[in-house]
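*Asks:* This is the structure I want to talk about, given as structure tokens.
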4 protein chains.
Amino acid sequence: MSSFGDPATFLASLDFDKKLAHYDIQGSSAWAQALFRADVISDDELKSIIKGLQSITKELNEGIFPFRVELEDIHFNIERRLIELVGPVGGKLHSGRSRNDQIATDIRLFCKDAISNILVLLKRFQKTLVDKAESHIDVMLPGYTHLQRAQPVLLSHHLLSYFEMVTRDVIRFKQAFDRVDVLPLGSAALSGTPYGVDREWLANELGFGNISMNSMDAVSDRDFITDIEFSASMTMIHLSRLCEEIILWSSEEFNYVTAGDAYTSGSSIMPQKRNPDIAELIRGKVGRVAGALISTIVTLKGLPLAYNRDLQEDKEPLFDVVTTLQDSLDMMAGMLESLEFNTDRMDADSRDDLLLATEVADYLTKKGVPFRESHGVVKSLFEKIVEDGVSLSDLDLNYYKEFSTYFEEDIKLINTESAIAARNITGGTSKLQVIQRINDARMGLSEDEQD
Amino acid sequence: MSSFGDPATFLASLDFDKKLAHYDIQGSSAWAQALFRADVISDDELKSIIKGLQSITKELNEGIFPFRVELEDIHFNIERRLIELVGPVGGKLHSGRSRNDQIATDIRLFCKDAISNILVLLKRFQKTLVDKAESHIDVMLPGYTHLQRAQPVLLSHHLLSYFEMVTRDVIRFKQAFDRVDVLPLGSAALSGTPYGVDREWLANELGFGNISMNSMDAVSDRDFITDIEFSASMTMIHLSRLCEEIILWSSEEFNYVTAGDAYTSGSSIMPQKRNPDIAELIRGKVGRVAGALISTIVTLKGLPLAYNRDLQEDKEPLFDVVTTLQDSLDMMAGMLESLEFNTDRMDADSRDDLLLATEVADYLTKKGVPFRESHGVVKSLFEKIVEDGVSLSDLDLNYYKEFSTYFEEDIKLINTESAIAARNITGGTSKLQVIQRINDARMGLSEDEQD
Amino acid sequence: MSSFGDPATFLASLDFDKKLAHYDIQGSSAWAQALFRADVISDDELKSIIKGLQSITKELNEGIFPFRVELEDIHFNIERRLIELVGPVGGKLHSGRSRNDQIATDIRLFCKDAISNILVLLKRFQKTLVDKAESHIDVMLPGYTHLQRAQPVLLSHHLLSYFEMVTRDVIRFKQAFDRVDVLPLGSAALSGTPYGVDREWLANELGFGNISMNSMDAVSDRDFITDIEFSASMTMIHLSRLCEEIILWSSEEFNYVTAGDAYTSGSSIMPQKRNPDIAELIRGKVGRVAGALISTIVTLKGLPLAYNRDLQEDKEPLFDVVTTLQDSLDMMAGMLESLEFNTDRMDADSRDDLLLATEVADYLTKKGVPFRESHGVVKSLFEKIVEDGVSLSDLDLNYYKEFSTYFEEDIKLINTESAIAARNITGGTSKLQVIQRINDARMGLSEDEQD
Amino acid sequence: MSSFGDPATFLASLDFDKKLAHYDIQGSSAWAQALFRADVISDDELKSIIKGLQSITKELNEGIFPFRVELEDIHFNIERRLIELVGPVGGKLHSGRSRNDQIATDIRLFCKDAISNILVLLKRFQKTLVDKAESHIDVMLPGYTHLQRAQPVLLSHHLLSYFEMVTRDVIRFKQAFDRVDVLPLGSAALSGTPYGVDREWLANELGFGNISMNSMDAVSDRDFITDIEFSASMTMIHLSRLCEEIILWSSEEFNYVTAGDAYTSGSSIMPQKRNPDIAELIRGKVGRVAGALISTIVTLKGLPLAYNRDLQEDKEPLFDVVTTLQDSLDMMAGMLESLEFNTDRMDADSRDDLLLATEVADYLTKKGVPFRESHGVVKSLFEKIVEDGVSLSDLDLNYYKEFSTYFEEDIKLINTESAIAARNITGGTSKLQVIQRINDARMGLSEDEQD
């Protein structure tokens, strides 16, 4: 180990930034036109450059582009190839531009596509949730707090809570998109290009909604990457919560769901296993996404203006986050669609009398017993019920009366169905509310489609 | 160490959630009215409860409220005190409500106030940036990349790059506010309250813009806390970047700024020191804010529905983040206002001929030399200039001609001022552009004030 | 909001570093003696200083020490008080010392005590694990992978897997202790004290095992804090895993354990709940400890030598981590001791024939069937068993023979007990092995006690 | 987007775990021998298996091994290939083993090699630090706190502070190695293998120092990965601090160092730049390593026993951390070796009279002035010196006497050299101490080499 490695190899980013090749060409084509429009290059020069860029696109598409790691990054690779193809005029393309605004433009183009795709995947996942909710509209299961059975709820209501989480994710990604949708091109190295290029035209040509307003910020801003990484972290957390439930529900103990064969796997040594591998793997992937977020935060901390080479570390976590999230959303929707609910088991468990305790306490409260008192009454009542091994539906009024004189005949109307139906308030678990929410959700999804 | 500590003390959150006392009373007052409107309690009962809550508010304001840690949290403390003050009717307040939706409501009320205050502080910081930029509109300094002098820029332009960052922070916090601004009250423990309370009325009474649409999500959603923690992390990163620059600029080597006495400190052993302690401390505080973000992400990962006690861990990081950010923004604005710029030194450094290299290369490019070629020419020219120890302003045209025949008399027009003026494009560092940006910034700030 | 806050308040650390008061006095007493031994102060001066420090200790113990936040930190508070109590000679104490080496010494003294206490708590937790394992030596339960029942194991074996994790934690903390156990005093501000104090004597007096070897490193090193925060993160992860199991096992679905009343809590609205709050809260606290670790890492990143004010941010996360870990370990051990295992249920579940699949496959393998083939045979066999609704113990040899001719009479010897007993290899779940491991564990714990 | 992706592709780990191919074969060879020694397979069978594994090694080395992603991971790829090469007997290799203990063994083998290599790199970096220190033993520069010049120090002393940091890194990695150096093989899926294999023999054969003591822990323990990721994070933080200094020192303002050409780069648009890209990139890479640490922590949180598929997420961050750290250490040592120090500039800056303020205060203290008083005297003195524009060496005694009567003729002996020489205490910056430390360091490094 007497000699040191090659610094050029250490610096080279081609290995990962080649992913930006098409965006780089897109940006360069627009820049060439802007230079022409600003009289920096001639019509013929523009045509040569555009033709050269088209040839490079073709080479890339055909897998024959001669990538050279010694040229450090994708930008130099393309520029050098352009000069090889069209001659010295290719060298004019970089006029008034710097790798600093060039790479910022490339990544933003990538991010816009990535977010657009993520939004489609989020909505497909939402649609799957709504479909599952609708097709199981009457199924009851115990609602849990502290992983203890608490009150009966509709499975559809339970599933739609994830719809709400994802709705926030959709908003977060749309807002992240707006912060990505800003053209940095024209900022040059740090102080702005000295050519009179029309940045509004450039933005329009490249599909950007806005242009950056400060060149020093434009070349060193990577906030939009953390926006994506944070938004992805939140989505992954939501997925991890549903995965946790699918894993729990797939256990012999819960036995509430069976995921499709493709989404479970056997064991190399235990033939009977039906492991929810996909759910576990998605849950495990929260780590890499949150890690990527922290990675970028650590990198950005304390950097003076303007561009610093530290920023090269922005891309790999971003690419990994995008791929991970896209794959996870895809798997999640597929797995969800494949889920078969053991509705008999869910129904039976939800009918446990103990889950009606709150309902009985509320009954007393409505009769005028202060809530804290009714709490005590119900506790004693249910302890006796458990001790006696009886069920609510068997009790006569006298049994109740021993605990409180406020009980009347209508106490017999309380059961699992009535408890659920009573939660008939916006956001509550009653069937009416859930159906309303499903309809709203469908309307929202179809409006999005028309956008 | 033979006996174990008291679990009740471990569980108690009073120590930190007492901060929510006023929000808890605000929520309870509204809930009492909603119960009355839903015929759950009578007019007299409502009046008793409201009067009791007012007494508690008075006790809190006078510092005589009897906090009891054995009552676990602020909610029980207030409820118990209410019953002491108004009798059993106080026990009716909790009808149809659970600590799950109650605490979610309290934190959201806190967050709304916190964000509103942060927005004021962000804008005051922005205003200070704009003021400083305007009052130093003509000051030049070297613009850096890789902490190497690159091109001359206006100090005002440099400062305004932070204005852009903070503009994104303002947007992020406003969007976070919208996700906070959702009333969870009425979700009860997890399935919705069985009383016909008017949640729209409640939202209006408590100043919420929206109501939650799924009770299970409403009681277990803490996304809005991560939204705040992430937004704060980004702001702190921006502050850390400016602090880094102030620390650099305060060094003997840069000698670009002097912060006000109150913002620097001496050493206990070295009399001559003028340490930029405030800037260092703010930079150091990025850690605690990013740490809080990760803290909440780790806590949320993999939690099944609905409420789990893990969620109690949401408050301390949130409170710390809000205080840290508010204090840091306050200090930052004050320190910035106190900064005196050593404009002579900045001006002298910005006049280094080497910073005009790009400008000369662009000159050649405009004359028709392909950019990559002009790069080589300029490199040789400047090496010679350094070798000869001459300055650009002394050179005659022949000196230039030896490097390229494209040089003409107008090369003599290039100097620091012209280089800056040439960046006259949106986002560029020319004075015209910067003034325009200052005007736009002022207009934006004053519009916000009118909101 | 026209005026800014007070920077001195922002800088003040008294609020949290007062926790170090006694360590600061301890360090100062030793330093005074070292100054005397180096002829910097006289015998009388030493006596005055020591007497003054003793008075301050008394004031602190009696809660009458006049803390003054305007004096910024605990060091200035004590030094100023000393001068008030003993006159100008108190001003000699700081000779040749700086707050930089002083605070580094104080924190290290704190950390040594903290780790010592953590080690005691870790071992008490280990002892509780061993006790529980021993008192349940014969209890069987299903061993899980992917939260699917896989193979029967002994509960004692299951519990002892946590013993192994904690053993690593003990080692990690002991090693962290060694890196803490280095005296920085004598490094002064950054270059070393110019007085000929005897640092070896100082180290001995303060109970340090080593002295720092580079003054610039000594005043800026906070690695030992990350060591503690990382070690604590790992312990918290281990606790979170056990808590997850206790939460699962406390569910109606598993019904494997009941934690003591003190370690569970009811619901404010649902009388029947038995929520494993302590387990959930400990699980939730992984976040704050991991967050503290990241907090310190972010703060340390990119700091030039030597001391920077950013380092003041080291203390609050450290203090929080230590308290959180100590409390969590205390609660965990208490909760574990309180656990009652539902051994009937565990036993019944472990006797599920499907858990013997591996055992049957291994049987075939031992008879010469290649493992991958036996896998297939067993899969078919068990599918048939499930279809026929029969149990292994009822089958005759012919039933087996239909699936493989390798089956012989001794297949009837396979049952849950035999499967466990067969894992009689170091680290395996057979009772012999577990007892051996318990004995080794007890020996290790008792050796530690004798240290 | 109507159809979902392929779950098998999502689950497949071949893409990254192929890196473990040789370790997998190494583990399998040992396992085959252990099976033979336990009479599970015959001599002929062993020979076939070993021969098959050797063929696979050859195919891997020649790049012709037929990787098949549809076989999910490297283990199945090798096992299937083995069966293709040697027939059904290949299926016997997996007897009594599970992928759970197999993969745990493979990763540990990888980690042992990785740490060994990292230790070599850490020591080479240390040696470079010592070499640089020794060859610049007399060079002085200002020592900084708060990035303000504080006191003169030796450059060698400054450099050796990094030696101390790396010494802790070496210890941390050695201790991490010990926790890696534990054989999990024989733990099977979770409860231990039922075959009487000799695990001690296996450990010895595979070069492990210890064997795991609990099968459930052994298959789910990934602590050793976090140990490596944390240790790497600390090393990267140390590197980031030195990189920060190199970046500062490379600026025109400091102008203290010039890194070798290979370690700096020009700009695509600014011909004069000499950007410290390597230093910036290493500093930026702290993020990815700390991110990987958090990634694994998040993944591990709350996992119940024993193996869960989440654990598959352990490998990619680990591999990335190892590569990043190895490359960074390699680059760092090379860059450091290439550094040329501008010793004239350093010397001149260190001779600033203000850096002697502490020394003068200490002078007075030694004469009997209480430290806090001498602080005030010196402050006034130096303010006058700056005002008068004189230098210490020009002053006569009377000038001093106006500030304190304690000044005597020997005050003239104080200068930069004397200030440095006075710090002649262990860890201090005096030349004697630094030489001693260099000698100790060399001895330590050469002892390590002999290990």
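Going by the structure tokens order, chains are called A, B, ..., each with residues numbered from 1, while ligands are numbered from 1 in the order shown.
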First superpose chain D onto chain B using a least-squares fit over all Cα atoms taken in order; then report the RMSD in Å.

*Replies:*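 Computed value for the CA RMSD is 0.1 Å.
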
*Asks:* Compile the residues of chain B that lie within 6 Å of chain A, evaluated using only C-alpha atoms, and express the compilation as a PyMOL selection string.

*Replies:* chain B and resi 91-92+95+144-146+161+191-194+213-215+217+237+240-241+244-245+301-304+306-308+370-372+422-423+427-429

*Asks:* Return as a ChimeraX atom specification the full set of residues in region 133-269 of chain C whose backbone-based DSSP assignment is helix (DSSP H, G or I).

*Replies:* /C:133-135,155-180,199-206,215-220,223-250,261-263

*Asks:* Identify, on the basis of only C-alpha atoms, every residue whose closest approach to Ser13 (chain C) does not exceed 10 Å; exclude the query and any residue fewer than 4 positions from it along the same chain; express the result as a PyMOL selection string.

*Replies:* chain C and resi 8-9+17-18+69+71-74+312-313+315-316

*Asks:* For CA of Ile115 (chain B) and CA of Lys174 (chain B), determine how far apart the two atoms are, in Å to one decimal place.

*Replies:*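 Separation between CA of Ile115 (chain B) and CA of Lys174 (chain B): 7.8 Å.
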
*Asks:* Just to confirm, what's the straight-line distance from CA of Phe407 (chain A) to CA of His375 (chain A) in Å (one decimal)?

*Replies:* 13.8 Å

*Asks:* Which value, in Å to one decimal, gives the distance between CA of Thr128 (chain A) and CA of Leu336 (chain A)?

*Replies:*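 Between these atoms lies a distance of 7.1 Å.
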
*Asks:* Extract, using only C-alpha atoms, all DNA, RNA and protein residues at most 9 Å from Leu325 (chain A), discarding same-chain residues fewer than 2 positions from it, and format them as an MDAnalysis selection string.

*Replies:* chainID A and resid 118 232:233 235:236 285 289 320:323 327:330

*Asks:* Tell me, which residues of region 253-445 of chain C carry DSSP strand (DSSP E), written as a PyMOL selection string?

*Replies:* chain C and resi 257-258+340-341

*Asks:* How about saving the chosen residues, N, CA, C and O atoms kept, as a JSON list (two decimals), in the first residue's frame?

*Replies:*
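Saved to part.json:
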```
[["chain", "number", "residue", "atom", "x", "y", "z"],
["C", 257, "VAL", "N", -48.18, -12.51, 27.71],
["C", 257, "VAL", "CA", -47.69, -11.93, 28.96],
["C", 257, "VAL", "C", -48.68, -10.94, 29.56],
["C", 257, "VAL", "O", -49.52, -10.38, 28.85],
["C", 258, "THR", "N", -48.53, -10.74, 30.86],
["C", 258, "THR", "CA", -49.22, -9.67, 31.55],
["C", 258, "THR", "C", -48.16, -8.92, 32.35],
["C", 258, "THR", "O", -47.48, -9.52, 33.19],
["C", 340, "GLU", "N", -45.72, -11.52, 33.96],
["C", 340, "GLU", "CA", -46.20, -12.89, 34.17],
["C", 340, "GLU", "C", -46.45, -13.52, 32.81],
["C", 340, "GLU", "O", -47.17, -12.95, 31.99],
["C", 341, "PHE", "N", -45.83, -14.67, 32.59],
["C", 341, "PHE", "CA", -45.97, -15.32, 31.30],
["C", 341, "PHE", "C", -47.16, -16.28, 31.32],
["C", 341, "PHE", "O", -47.35, -17.01, 32.28]]
```
